file final07.cif (mmCIF, C-alpha atoms)
data_start
loop_
_atom_site.group_PDB
_atom_site.id
_atom_site.type_symbol
_atom_site.label_atom_id
_atom_site.label_comp_id
_atom_site.auth_asym_id
_atom_site.auth_seq_id
_atom_site.Cartn_x
_atom_site.Cartn_y
_atom_site.Cartn_z
ATOM 1 C CA MET A 1 90.885 68.637 25.766
ATOM 2 C CA ASN A 2 90.331 72.067 27.301
ATOM 3 C CA ARG A 3 86.939 72.179 29.040
ATOM 4 C CA ILE A 4 85.948 75.251 27.005
ATOM 5 C CA ASP A 5 86.311 73.278 23.756
ATOM 6 C CA GLN A 6 84.301 70.434 25.248
ATOM 7 C CA VAL A 7 81.393 72.743 26.097
ATOM 8 C CA PHE A 8 81.292 74.170 22.576
ATOM 9 C CA GLN A 9 81.331 70.646 21.130
ATOM 10 C CA GLU A 10 78.517 69.383 23.322
ATOM 11 C CA LYS A 11 76.174 72.347 23.803
ATOM 12 C CA LYS A 12 74.331 75.098 21.968
ATOM 13 C CA ASN A 13 73.173 78.509 23.189
ATOM 14 C CA ILE A 14 75.993 78.649 25.718
ATOM 15 C CA LEU A 15 75.558 80.845 28.771
ATOM 16 C CA ASN A 16 78.711 82.296 30.351
ATOM 17 C CA ILE A 17 78.086 84.113 33.621
ATOM 18 C CA TYR A 18 80.504 86.614 35.135
ATOM 19 C CA PHE A 19 80.847 87.477 38.798
ATOM 20 C CA THR A 20 83.480 89.347 40.787
ATOM 21 C CA ALA A 21 85.576 87.243 43.160
ATOM 22 C CA GLY A 22 85.025 88.243 46.777
ATOM 23 C CA TYR A 23 81.598 89.795 46.133
ATOM 24 C CA PRO A 24 79.189 90.179 47.789
ATOM 25 C CA LYS A 25 81.219 88.531 50.576
ATOM 26 C CA LEU A 26 84.853 87.486 50.571
ATOM 27 C CA GLY A 27 84.032 83.809 51.067
ATOM 28 C CA ASP A 28 81.254 83.527 48.450
ATOM 29 C CA THR A 29 83.427 82.525 45.469
ATOM 30 C CA VAL A 30 83.165 78.734 45.616
ATOM 31 C CA LYS A 31 79.531 78.855 46.755
ATOM 32 C CA ILE A 32 78.619 80.900 43.662
ATOM 33 C CA ILE A 33 80.560 78.563 41.342
ATOM 34 C CA LYS A 34 78.724 75.526 42.672
ATOM 35 C CA ALA A 35 75.338 77.262 42.476
ATOM 36 C CA LEU A 36 75.962 78.388 38.888
ATOM 37 C CA GLU A 37 76.914 74.892 37.755
ATOM 38 C CA LYS A 38 73.957 73.338 39.554
ATOM 39 C CA GLY A 39 71.679 75.997 38.081
ATOM 40 C CA GLY A 40 72.714 75.204 34.510
ATOM 41 C CA ALA A 41 75.327 77.785 33.525
ATOM 42 C CA ASP A 42 77.744 76.502 30.872
ATOM 43 C CA LEU A 43 80.833 78.635 31.568
ATOM 44 C CA ILE A 44 81.909 80.730 34.548
ATOM 45 C CA GLU A 45 83.943 83.914 34.285
ATOM 46 C CA ILE A 46 85.426 85.108 37.568
ATOM 47 C CA GLY A 47 86.521 88.717 37.810
ATOM 48 C CA MET A 48 89.807 89.418 39.570
ATOM 49 C CA PRO A 49 89.028 92.745 41.244
ATOM 50 C CA TYR A 50 91.066 95.751 40.222
ATOM 51 C CA SER A 51 90.999 99.375 41.336
ATOM 52 C CA ASP A 52 90.594 100.749 37.795
ATOM 53 C CA PRO A 53 88.393 98.376 35.732
ATOM 54 C CA VAL A 54 88.168 100.656 32.698
ATOM 55 C CA ALA A 55 86.070 98.364 30.476
ATOM 56 C CA ASP A 56 83.370 97.865 33.083
ATOM 57 C CA GLY A 57 80.246 99.816 33.909
ATOM 58 C CA PRO A 58 79.156 101.152 37.305
ATOM 59 C CA THR A 59 77.672 97.878 38.582
ATOM 60 C CA ILE A 60 80.819 95.836 38.044
ATOM 61 C CA GLN A 61 83.073 98.719 39.110
ATOM 62 C CA GLU A 62 81.219 98.894 42.432
ATOM 63 C CA SER A 63 81.539 95.126 42.898
ATOM 64 C CA ASN A 64 85.305 95.461 42.267
ATOM 65 C CA MET A 65 85.608 98.143 44.932
ATOM 66 C CA GLU A 66 83.620 96.130 47.482
ATOM 67 C CA ALA A 67 85.594 92.964 46.736
ATOM 68 C CA LEU A 68 88.885 94.817 47.246
ATOM 69 C CA GLU A 69 87.570 96.262 50.508
ATOM 70 C CA ASN A 70 86.586 92.715 51.517
ATOM 71 C CA GLY A 71 90.237 91.714 51.067
ATOM 72 C CA MET A 72 90.144 89.889 47.727
ATOM 73 C CA THR A 73 93.459 89.517 45.883
ATOM 74 C CA ILE A 74 94.754 87.160 43.200
ATOM 75 C CA THR A 75 96.549 85.206 45.918
ATOM 76 C CA LYS A 76 93.354 84.930 47.987
ATOM 77 C CA LEU A 77 91.366 83.864 44.908
ATOM 78 C CA PHE A 78 93.832 81.086 44.121
ATOM 79 C CA GLU A 79 93.600 79.945 47.746
ATOM 80 C CA GLN A 80 89.813 79.787 47.458
ATOM 81 C CA LEU A 81 89.959 77.874 44.175
ATOM 82 C CA GLU A 82 92.441 75.280 45.465
ATOM 83 C CA GLY A 83 90.793 71.878 45.001
ATOM 84 C CA ILE A 84 87.865 73.286 42.994
ATOM 85 C CA ARG A 85 88.220 70.435 40.476
ATOM 86 C CA ASP A 86 87.243 68.004 43.232
ATOM 87 C CA HIS A 87 83.787 69.602 43.150
ATOM 88 C CA THR A 88 83.083 70.831 39.631
ATOM 89 C CA ASN A 89 84.005 70.268 35.997
ATOM 90 C CA ILE A 90 82.502 73.484 34.601
ATOM 91 C CA PRO A 91 84.969 75.623 32.588
ATOM 92 C CA ILE A 92 86.355 78.511 34.633
ATOM 93 C CA ILE A 93 87.817 81.662 33.089
ATOM 94 C CA LEU A 94 89.606 84.386 35.040
ATOM 95 C CA MET A 95 88.884 87.900 33.817
ATOM 96 C CA GLY A 96 90.957 90.878 34.861
ATOM 97 C CA TYR A 97 93.538 93.479 33.948
ATOM 98 C CA ILE A 98 97.158 92.881 33.115
ATOM 99 C CA ASN A 99 98.823 95.040 35.804
ATOM 100 C CA PRO A 100 97.848 92.856 38.804
ATOM 101 C CA VAL A 101 98.848 89.759 36.818
ATOM 102 C CA ILE A 102 102.265 91.272 36.055
ATOM 103 C CA GLN A 103 102.654 92.213 39.727
ATOM 104 C CA TYR A 104 101.819 88.634 40.703
ATOM 105 C CA GLY A 105 104.206 87.334 38.025
ATOM 106 C CA VAL A 106 102.851 86.171 34.674
ATOM 107 C CA GLU A 107 104.715 82.848 34.656
ATOM 108 C CA ARG A 108 103.712 82.170 38.262
ATOM 109 C CA PHE A 109 100.115 83.144 37.431
ATOM 110 C CA VAL A 110 99.939 80.784 34.438
ATOM 111 C CA GLU A 111 101.473 77.916 36.413
ATOM 112 C CA LYS A 112 98.970 78.445 39.226
ATOM 113 C CA CYS A 113 96.079 78.479 36.754
ATOM 114 C CA LYS A 114 97.282 75.177 35.321
ATOM 115 C CA ALA A 115 97.707 73.595 38.760
ATOM 116 C CA ILE A 116 94.219 74.610 39.900
ATOM 117 C CA GLY A 117 92.454 73.762 36.644
ATOM 118 C CA ILE A 118 91.622 77.189 35.250
ATOM 119 C CA ASP A 119 90.710 76.925 31.569
ATOM 120 C CA GLY A 120 91.209 80.444 30.246
ATOM 121 C CA THR A 121 91.771 84.126 30.882
ATOM 122 C CA ILE A 122 90.316 87.375 29.575
ATOM 123 C CA LEU A 123 92.710 90.321 29.927
ATOM 124 C CA PRO A 124 91.102 93.219 28.018
ATOM 125 C CA ASP A 125 94.047 95.599 28.250
ATOM 126 C CA LEU A 126 96.709 93.088 27.154
ATOM 127 C CA PRO A 127 97.741 94.130 23.610
ATOM 128 C CA LEU A 128 97.682 91.348 21.025
ATOM 129 C CA PRO A 129 101.312 91.923 19.871
ATOM 130 C CA ASP A 130 102.544 91.778 23.489
ATOM 131 C CA PHE A 131 100.644 88.553 24.103
ATOM 132 C CA LYS A 132 102.016 86.901 20.963
ATOM 133 C CA ARG A 133 105.573 88.055 21.593
ATOM 134 C CA GLU A 134 105.879 87.591 25.358
ATOM 135 C CA TYR A 135 103.219 85.239 26.689
ATOM 136 C CA LYS A 136 101.585 83.026 24.061
ATOM 137 C CA ALA A 137 104.170 80.238 24.296
ATOM 138 C CA LEU A 138 103.765 80.213 28.068
ATOM 139 C CA PHE A 139 99.969 79.984 27.826
ATOM 140 C CA ASP A 140 100.123 77.312 25.124
ATOM 141 C CA LYS A 141 102.503 75.159 27.158
ATOM 142 C CA ALA A 142 100.094 75.300 30.126
ATOM 143 C CA GLY A 143 97.018 74.615 27.958
ATOM 144 C CA LEU A 144 95.587 77.927 29.179
ATOM 145 C CA TYR A 145 93.458 79.820 26.663
ATOM 146 C CA ASN A 146 93.625 83.606 26.424
ATOM 147 C CA ILE A 147 90.453 85.117 25.007
ATOM 148 C CA PHE A 148 90.419 88.435 23.163
ATOM 149 C CA LEU A 149 87.654 90.979 22.720
ATOM 150 C CA ILE A 150 86.418 92.523 19.490
ATOM 151 C CA SER A 151 83.960 95.401 19.053
ATOM 152 C CA PRO A 152 81.984 97.003 16.225
ATOM 153 C CA GLN A 153 85.009 99.217 15.530
ATOM 154 C CA THR A 154 87.488 96.344 15.219
ATOM 155 C CA SER A 155 88.705 96.016 11.630
ATOM 156 C CA GLU A 156 88.354 92.807 9.637
ATOM 157 C CA GLU A 157 92.142 92.515 9.512
ATOM 158 C CA ARG A 158 92.490 92.736 13.289
ATOM 159 C CA ILE A 159 89.576 90.359 13.901
ATOM 160 C CA LYS A 160 91.298 87.779 11.724
ATOM 161 C CA GLN A 161 94.593 88.343 13.553
ATOM 162 C CA ILE A 162 92.775 87.785 16.857
ATOM 163 C CA ASP A 163 91.106 84.678 15.456
ATOM 164 C CA GLU A 164 94.491 83.289 14.448
ATOM 165 C CA ALA A 165 96.027 83.956 17.886
ATOM 166 C CA SER A 166 93.043 82.848 19.977
ATOM 167 C CA ASN A 167 91.725 79.624 21.423
ATOM 168 C CA GLY A 168 88.412 78.788 23.036
ATOM 169 C CA PHE A 169 86.234 81.615 21.749
ATOM 170 C CA ILE A 170 86.220 85.250 20.738
ATOM 171 C CA TYR A 171 84.445 87.691 23.035
ATOM 172 C CA MET A 172 82.238 89.887 20.835
ATOM 173 C CA VAL A 173 81.566 93.170 22.609
ATOM 174 C CA SER A 174 78.061 94.064 21.467
ATOM 175 C CA SER A 175 78.544 97.843 21.364
ATOM 176 C CA ASN A 176 81.116 100.589 21.795
ATOM 177 C CA SER A 177 80.429 101.137 25.459
ATOM 178 C CA ILE A 178 81.265 99.902 28.919
ATOM 179 C CA THR A 179 79.552 96.843 30.320
ATOM 180 C CA GLY A 180 76.005 97.106 31.592
ATOM 181 C CA ALA A 181 72.665 95.358 31.333
ATOM 182 C CA LYS A 182 70.280 96.392 28.561
ATOM 183 C CA ASP A 183 66.791 95.086 27.879
ATOM 184 C CA LYS A 184 66.808 94.876 24.086
ATOM 185 C CA ILE A 185 69.144 94.541 21.124
ATOM 186 C CA GLN A 186 70.464 97.949 20.068
ATOM 187 C CA GLU A 187 70.302 99.560 16.639
ATOM 188 C CA GLY A 188 73.294 98.674 14.464
ATOM 189 C CA GLN A 189 74.221 95.555 16.395
ATOM 190 C CA VAL A 190 72.648 93.160 13.891
ATOM 191 C CA GLU A 191 74.801 94.535 11.049
ATOM 192 C CA TYR A 192 77.911 94.022 13.193
ATOM 193 C CA TYR A 193 76.880 90.480 14.142
ATOM 194 C CA GLU A 194 76.172 89.592 10.521
ATOM 195 C CA ARG A 195 79.455 91.105 9.353
ATOM 196 C CA VAL A 196 81.525 89.095 11.825
ATOM 197 C CA LYS A 197 79.531 85.956 11.024
ATOM 198 C CA SER A 198 80.442 86.397 7.354
ATOM 199 C CA TYR A 199 84.163 86.146 8.152
ATOM 200 C CA ASN A 200 83.792 82.398 8.888
ATOM 201 C CA LEU A 201 86.183 82.597 11.813
ATOM 202 C CA ARG A 202 87.989 79.558 13.177
ATOM 203 C CA ASN A 203 86.913 80.277 16.748
ATOM 204 C CA LYS A 204 83.456 80.199 18.275
ATOM 205 C CA LYS A 205 81.957 83.485 19.448
ATOM 206 C CA LEU A 206 80.169 84.664 22.576
ATOM 207 C CA ILE A 207 78.430 88.037 22.695
ATOM 208 C CA GLY A 208 78.803 90.179 25.808
ATOM 209 C CA PHE A 209 77.897 93.663 27.115
ATOM 210 C CA GLY A 210 74.173 94.391 27.347
ATOM 211 C CA ILE A 211 72.942 90.814 27.787
ATOM 212 C CA SER A 212 70.555 90.714 30.734
ATOM 213 C CA ASN A 213 67.537 88.471 30.158
ATOM 214 C CA ASN A 214 66.035 85.753 27.962
ATOM 215 C CA GLU A 215 65.238 88.163 25.113
ATOM 216 C CA THR A 216 68.743 89.591 24.774
ATOM 217 C CA PHE A 217 70.298 86.148 25.344
ATOM 218 C CA THR A 218 68.133 84.545 22.647
ATOM 219 C CA ASN A 219 68.884 87.375 20.202
ATOM 220 C CA ALA A 220 72.620 86.971 20.792
ATOM 221 C CA CYS A 221 72.417 83.202 20.248
ATOM 222 C CA ALA A 222 71.020 83.825 16.757
ATOM 223 C CA TYR A 223 74.373 85.358 15.751
ATOM 224 C CA ALA A 224 76.885 83.544 17.968
ATOM 225 C CA GLU A 225 77.270 80.321 19.908
ATOM 226 C CA GLY A 226 76.109 81.981 23.099
ATOM 227 C CA ALA A 227 76.365 85.026 25.312
ATOM 228 C CA ILE A 228 77.910 86.453 28.469
ATOM 229 C CA ILE A 229 76.000 88.038 31.348
ATOM 230 C CA GLY A 230 77.736 90.135 33.996
ATOM 231 C CA SER A 231 76.058 93.257 35.344
ATOM 232 C CA ALA A 232 72.585 91.722 35.618
ATOM 233 C CA PHE A 233 74.007 88.818 37.623
ATOM 234 C CA ILE A 234 76.020 91.140 39.882
ATOM 235 C CA LYS A 235 72.794 93.047 40.618
ATOM 236 C CA LEU A 236 71.121 89.771 41.554
ATOM 237 C CA LEU A 237 73.969 88.914 43.941
ATOM 238 C CA SER A 238 73.737 92.335 45.576
ATOM 239 C CA GLN A 239 70.046 91.782 46.368
ATOM 240 C CA SER A 240 70.047 88.064 47.193
ATOM 241 C CA ASP A 241 69.425 86.620 50.636
ATOM 242 C CA ASN A 242 69.442 83.031 49.307
ATOM 243 C CA LEU A 243 72.220 82.570 46.758
ATOM 244 C CA ASP A 244 71.464 78.942 45.828
ATOM 245 C CA LYS A 245 67.790 79.598 45.138
ATOM 246 C CA ASP A 246 68.200 82.981 43.449
ATOM 247 C CA ILE A 247 71.100 81.874 41.211
ATOM 248 C CA ALA A 248 69.166 78.819 40.000
ATOM 249 C CA GLU A 249 66.107 80.946 39.220
ATOM 250 C CA PHE A 250 68.232 83.550 37.425
ATOM 251 C CA VAL A 251 69.932 81.016 35.145
ATOM 252 C CA LYS A 252 66.601 79.355 34.381
ATOM 253 C CA SER A 253 64.990 82.699 33.539
ATOM 254 C CA VAL A 254 67.780 83.579 31.093
ATOM 255 C CA LYS A 255 67.878 80.201 29.359
ATOM 256 C CA GLY A 256 64.091 79.997 29.206
#
call {"tool": "encode", "arguments": {"input": "final07.cif", "output": "C-alpha cells"}}
result
Amino acid sequence: MNRIDQVFQEKKNILNIYFTAGYPKLGDTVKIIKALEKGGADLIEIGMPYSDPVADGPTIQESNMEALENGMTITKLFEQLEGIRDHTNIPIILMGYINPVIQYGVERFVEKCKAIGIDGTILPDLPLPDFKREYKALFDKAGLYNIFLISPQTSEERIKQIDEASNGFIYMVSSNSITGAKDKIQEGQVEYYERVKSYNLRNKKLIGFGISNNETFTNACAYAEGAIIGSAFIKLLSQSDNLDKDIAEFVKSVKG
C-alpha cells in the first residue's frame, strides 16, 4: 500500500507541510524531514527548486532562488534522499515543475522515486491530458502517485476527470491566487468547499494556499481531510536558529 493511502486510512485532520529542498541551507533536507516527522506532521511535500515557480508566492519564490544559489538540483536532492527509508516512514511527495523533470528524464525520474521510496509528485504545470497520454502508465507501474490541483474556477467536469485520473488525494487550491499565508478563511471559500464536497469524489482532499495557523487549519479540516502549509513554514525556517525545537513547536501550534 502507498504510504499516502495508509495515512488517510489511519488519521484525521492530516497536516501536510511543504518546504523547499536546499533551504535554508543545502544540507538541511534530511534534518527537516526527521524533525517534521518527530514533530507530528503527517505528510511531507518537498519542493524541487525551479527558477520560475509561477504558482508560488514571494516567500516560496525566494526560497527557490536561495536553494538554487545553494546548489540544489534534482540530482542533488535524490543524493540527499538516498537511504531515507532507513530513517523514516512518513509519506514524501516531491513538488515541482515539469521542465526540470523532463530535462532529468521522466522515466529516469520515476524510477529514482521508486528506488528511494518517494510516494507521490505534484507537478502543477503538467496538463492532465499529457499526463494520461504520456506518463500515467509509467507512474502506475512504479506505484508513484501524481496529485493534481483544483481551484474555485475548475469546472465540475474537469474536477471529476481529475478525480478519475488521480491517486492519493486532490490538492484543493483555496483561492484563485498564488501561494501565501493568510490568517483567516476568505469570503467565498466556504461555498467552493461545500460545492466540491457535494461531488462525492473518490479521492480524499487536502486544502492548500493560505493555511498558516491553527484557525485556518481547523477551518480547512471541516471541509476536507486535512490541509497543506507552505509559506508559513518557510518563514519559520528562515528565522530559526534551532530547527528541531522550532519545527516541533510549529507543528504543535498548527495541530493544536
call {"tool": "atom_distance", "arguments": {"input": "final07.cif", "atom1": "CA of Ile211 (chain A)", "atom2": "CA of Leu126 (chain A)"}}
result
23.9 Å
call {"tool": "atom_distance", "arguments": {"input": "final07.cif", "atom1": "CA of Gln239 (chain A)", "atom2": "CA of Tyr23 (chain A)"}}
result
11.7 Å
call {"tool": "resolve_selection", "arguments": {"input": "final07.cif", "expression": "the PyMOL selection byres ((chain A and resi 121) around 9)", "output": "list in words"}}
result
Glu45, Ile92, Ile93, Leu94, Met95, Gly96, Ile118, Asp119, Gly120, Ile122, Leu123, Leu144, Tyr145, Asn146, Ile147 and Phe148 of chain A
call {"tool": "resolve_selection", "arguments": {"input": "final07.cif", "expression": "the PyMOL selection byres ((chain A and resi 60) around 8)", "output": "mmCIF file with C-alpha atoms, in the coordinates of the input"}}
result
data_model
loop_
_atom_site.group_PDB
_atom_site.id
_atom_site.type_symbol
_atom_site.label_atom_id
_atom_site.label_comp_id
_atom_site.auth_asym_id
_atom_site.auth_seq_id
_atom_site.Cartn_x
_atom_site.Cartn_y
_atom_site.Cartn_z
ATOM 1 C CA THR A 20 83.480 89.347 40.787
ATOM 2 C CA ASP A 56 83.370 97.865 33.083
ATOM 3 C CA GLY A 57 80.246 99.816 33.909
ATOM 4 C CA PRO A 58 79.156 101.152 37.305
ATOM 5 C CA THR A 59 77.672 97.878 38.582
ATOM 6 C CA GLN A 61 83.073 98.719 39.110
ATOM 7 C CA GLU A 62 81.219 98.894 42.432
ATOM 8 C CA SER A 63 81.539 95.126 42.898
ATOM 9 C CA ASN A 64 85.305 95.461 42.267
ATOM 10 C CA THR A 179 79.552 96.843 30.320
ATOM 11 C CA GLY A 230 77.736 90.135 33.996
ATOM 12 C CA SER A 231 76.058 93.257 35.344
ATOM 13 C CA ILE A 234 76.020 91.140 39.882
#
call {"tool": "resolve_selection", "arguments": {"input": "final07.cif", "expression": "the PyMOL selection byres ((chain A and resi 229) around 12)", "output": "number ranges by chain"}}
result
A: 14-19, 41-46, 60, 171, 173-174, 179-182, 206-214, 216-217, 220, 226-228, 230-236, 250-251, 254-255
call {"tool": "closest_residue", "arguments": {"input": "final07.cif", "among": "A:Cys221, A:Gly83, A:Glu164, A:Pro152", "to": "Lys132 (chain A)", "atoms": "all atoms listed in the file"}}
result
A:Glu164
call {"tool": "residues_around", "arguments": {"input": "final07.cif", "residues": "Ile98 (chain A)", "least_positions_apart": "3", "cutoff": "12 Å", "atoms": "all atoms listed in the file", "output": "ChimeraX atom specification"}}
result
/A:48-50,52-54,74,94-95,101-106,109,121-127,130-131,135,146
call {"tool": "residues_near_point", "arguments": {"input": "final07.cif", "point": "(73.5, 78.4, 38.8)", "cutoff": "9 Å", "atoms": "all atoms listed in the file", "output": "ChimeraX atom specification"}}
result
/A:17,32-41,244-252
call {"tool": "closest_residue", "arguments": {"input": "final07.cif", "among": "A:Lys204, A:Lys76, A:Gln153, A:Leu237", "to": "Gly188 (chain A)", "atoms": "all atoms listed in the file"}}
result
A:Gln153
call {"tool": "atom_distance", "arguments": {"input": "final07.cif", "atom1": "CA of Ala137 (chain A)", "atom2": "CA of Ala165 (chain A)"}}
result
11.0 Å
call {"tool": "closest_residue", "arguments": {"input": "final07.cif", "among": "A:Ser238, A:Ser253, A:Lys25, A:Asp140", "to": "Lys114 (chain A)", "atoms": "all atoms listed in the file"}}
result
A:Asp140
call {"tool": "axis_aligned_box", "arguments": {"input": "final07.cif", "around": "region 216-224 of chain A", "padding_each_side": "6 Å", "output": "lines of an AutoDock Vina configuration file"}}
result
center_x = 72.5
center_y = 86.4
center_z = 20.5
size_x = 20.8
size_y = 18.4
size_z = 21.6
call {"tool": "closest_residue", "arguments": {"input": "final07.cif", "among": "A:Ala115, A:Ile150, A:Gln189, A:Glu225", "to": "Lys11 (chain A)", "atoms": "all atoms listed in the file"}}
result
A:Glu225
call {"tool": "residues_around", "arguments": {"input": "final07.cif", "residues": "Phe169 (chain A)", "least_positions_apart": "2", "cutoff": "6 Å", "atoms": "all atoms listed in the file", "output": "ChimeraX atom specification"}}
result
/A:167,203-205
call {"tool": "closest_residue", "arguments": {"input": "final07.cif", "among": "A:Ala142, A:Ala21, A:Ala224, A:Val190", "to": "Ile170 (chain A)", "atoms": "all atoms listed in the file"}}
result
A:Ala224
call {"tool": "closest_residue", "arguments": {"input": "final07.cif", "among": "A:Glu69, A:Arg202, A:Asn2, A:Glu107", "to": "Ser166 (chain A)", "atoms": "all atoms listed in the file"}}
result
A:Arg202
call {"tool": "decode", "arguments": {"input": "final07.cif", "residues": "region 39-65 of chain A", "atoms": "N, CA and C atoms", "output": "PDB file, in the first residue's frame"}}
result
ATOM      1  N   GLY A  39       8.006  15.833  14.984  1.00  0.00           N
ATOM      2  CA  GLY A  39       7.101  16.856  15.497  1.00  0.00           C
ATOM      3  C   GLY A  39       5.629  16.537  15.325  1.00  0.00           C
ATOM      4  N   GLY A  40       5.300  15.582  14.446  1.00  0.00           N
ATOM      5  CA  GLY A  40       3.913  15.171  14.294  1.00  0.00           C
ATOM      6  C   GLY A  40       3.262  15.513  12.975  1.00  0.00           C
ATOM      7  N   ALA A  41       4.035  15.955  11.983  1.00  0.00           N
ATOM      8  CA  ALA A  41       3.467  16.144  10.644  1.00  0.00           C
ATOM      9  C   ALA A  41       3.052  14.790  10.078  1.00  0.00           C
ATOM     10  N   ASP A  42       2.050  14.790   9.208  1.00  0.00           N
ATOM     11  CA  ASP A  42       1.518  13.545   8.651  1.00  0.00           C
ATOM     12  C   ASP A  42       2.039  13.242   7.254  1.00  0.00           C
ATOM     13  N   LEU A  43       2.283  14.276   6.472  1.00  0.00           N
ATOM     14  CA  LEU A  43       2.834  14.157   5.120  1.00  0.00           C
ATOM     15  C   LEU A  43       3.900  15.235   4.957  1.00  0.00           C
ATOM     16  N   ILE A  44       4.865  14.972   4.079  1.00  0.00           N
ATOM     17  CA  ILE A  44       5.894  15.966   3.781  1.00  0.00           C
ATOM     18  C   ILE A  44       5.947  16.180   2.276  1.00  0.00           C
ATOM     19  N   GLU A  45       5.926  17.441   1.899  1.00  0.00           N
ATOM     20  CA  GLU A  45       5.987  17.835   0.487  1.00  0.00           C
ATOM     21  C   GLU A  45       7.275  18.623   0.283  1.00  0.00           C
ATOM     22  N   ILE A  46       8.171  18.080  -0.521  1.00  0.00           N
ATOM     23  CA  ILE A  46       9.474  18.711  -0.726  1.00  0.00           C
ATOM     24  C   ILE A  46       9.494  19.400  -2.085  1.00  0.00           C
ATOM     25  N   GLY A  47       9.750  20.690  -2.074  1.00  0.00           N
ATOM     26  CA  GLY A  47       9.817  21.448  -3.310  1.00  0.00           C
ATOM     27  C   GLY A  47      11.143  21.256  -4.015  1.00  0.00           C
ATOM     28  N   MET A  48      11.072  20.924  -5.299  1.00  0.00           N
ATOM     29  CA  MET A  48      12.274  20.862  -6.140  1.00  0.00           C
ATOM     30  C   MET A  48      12.471  22.251  -6.738  1.00  0.00           C
ATOM     31  N   PRO A  49      13.480  22.993  -6.292  1.00  0.00           N
ATOM     32  CA  PRO A  49      13.575  24.393  -6.701  1.00  0.00           C
ATOM     33  C   PRO A  49      13.664  24.593  -8.208  1.00  0.00           C
ATOM     34  N   TYR A  50      13.029  25.679  -8.636  1.00  0.00           N
ATOM     35  CA  TYR A  50      12.939  25.992 -10.059  1.00  0.00           C
ATOM     36  C   TYR A  50      13.031  27.508 -10.198  1.00  0.00           C
ATOM     37  N   SER A  51      13.608  27.954 -11.294  1.00  0.00           N
ATOM     38  CA  SER A  51      13.853  29.386 -11.481  1.00  0.00           C
ATOM     39  C   SER A  51      12.595  30.194 -11.753  1.00  0.00           C
ATOM     40  N   ASP A  52      11.497  29.533 -12.117  1.00  0.00           N
ATOM     41  CA  ASP A  52      10.262  30.261 -12.446  1.00  0.00           C
ATOM     42  C   ASP A  52       9.051  29.556 -11.835  1.00  0.00           C
ATOM     43  N   PRO A  53       8.947  29.545 -10.498  1.00  0.00           N
ATOM     44  CA  PRO A  53       7.838  28.843  -9.830  1.00  0.00           C
ATOM     45  C   PRO A  53       6.551  29.665  -9.868  1.00  0.00           C
ATOM     46  N   VAL A  54       5.842  29.583 -10.985  1.00  0.00           N
ATOM     47  CA  VAL A  54       4.745  30.512 -11.278  1.00  0.00           C
ATOM     48  C   VAL A  54       3.562  30.401 -10.319  1.00  0.00           C
ATOM     49  N   ALA A  55       3.346  29.255  -9.697  1.00  0.00           N
ATOM     50  CA  ALA A  55       2.187  29.094  -8.819  1.00  0.00           C
ATOM     51  C   ALA A  55       2.463  29.558  -7.401  1.00  0.00           C
ATOM     52  N   ASP A  56       3.703  29.951  -7.132  1.00  0.00           N
ATOM     53  CA  ASP A  56       4.099  30.238  -5.758  1.00  0.00           C
ATOM     54  C   ASP A  56       4.234  31.728  -5.498  1.00  0.00           C
ATOM     55  N   GLY A  57       3.969  32.092  -4.238  1.00  0.00           N
ATOM     56  CA  GLY A  57       4.081  33.473  -3.813  1.00  0.00           C
ATOM     57  C   GLY A  57       5.512  33.860  -3.500  1.00  0.00           C
ATOM     58  N   PRO A  58       5.708  35.106  -3.052  1.00  0.00           N
ATOM     59  CA  PRO A  58       7.064  35.637  -2.849  1.00  0.00           C
ATOM     60  C   PRO A  58       7.910  34.822  -1.879  1.00  0.00           C
ATOM     61  N   THR A  59       7.314  34.318  -0.802  1.00  0.00           N
ATOM     62  CA  THR A  59       8.089  33.592   0.204  1.00  0.00           C
ATOM     63  C   THR A  59       8.701  32.331  -0.381  1.00  0.00           C
ATOM     64  N   ILE A  60       7.888  31.548  -1.087  1.00  0.00           N
ATOM     65  CA  ILE A  60       8.397  30.309  -1.663  1.00  0.00           C
ATOM     66  C   ILE A  60       9.286  30.595  -2.873  1.00  0.00           C
ATOM     67  N   GLN A  61       8.965  31.629  -3.646  1.00  0.00           N
ATOM     68  CA  GLN A  61       9.844  32.008  -4.753  1.00  0.00           C
ATOM     69  C   GLN A  61      11.246  32.338  -4.251  1.00  0.00           C
ATOM     70  N   GLU A  62      11.318  33.102  -3.162  1.00  0.00           N
ATOM     71  CA  GLU A  62      12.622  33.475  -2.601  1.00  0.00           C
ATOM     72  C   GLU A  62      13.370  32.235  -2.107  1.00  0.00           C
ATOM     73  N   SER A  63      12.644  31.299  -1.500  1.00  0.00           N
ATOM     74  CA  SER A  63      13.309  30.073  -1.029  1.00  0.00           C
ATOM     75  C   SER A  63      13.825  29.259  -2.219  1.00  0.00           C
ATOM     76  N   ASN A  64      13.104  29.269  -3.335  1.00  0.00           N
ATOM     77  CA  ASN A  64      13.573  28.599  -4.558  1.00  0.00           C
ATOM     78  C   ASN A  64      14.875  29.221  -5.049  1.00  0.00           C
ATOM     79  N   MET A  65      14.919  30.547  -5.076  1.00  0.00           N
ATOM     80  CA  MET A  65      16.119  31.224  -5.565  1.00  0.00           C
ATOM     81  C   MET A  65      17.320  30.923  -4.671  1.00  0.00           C
TER      82      MET A  65
END
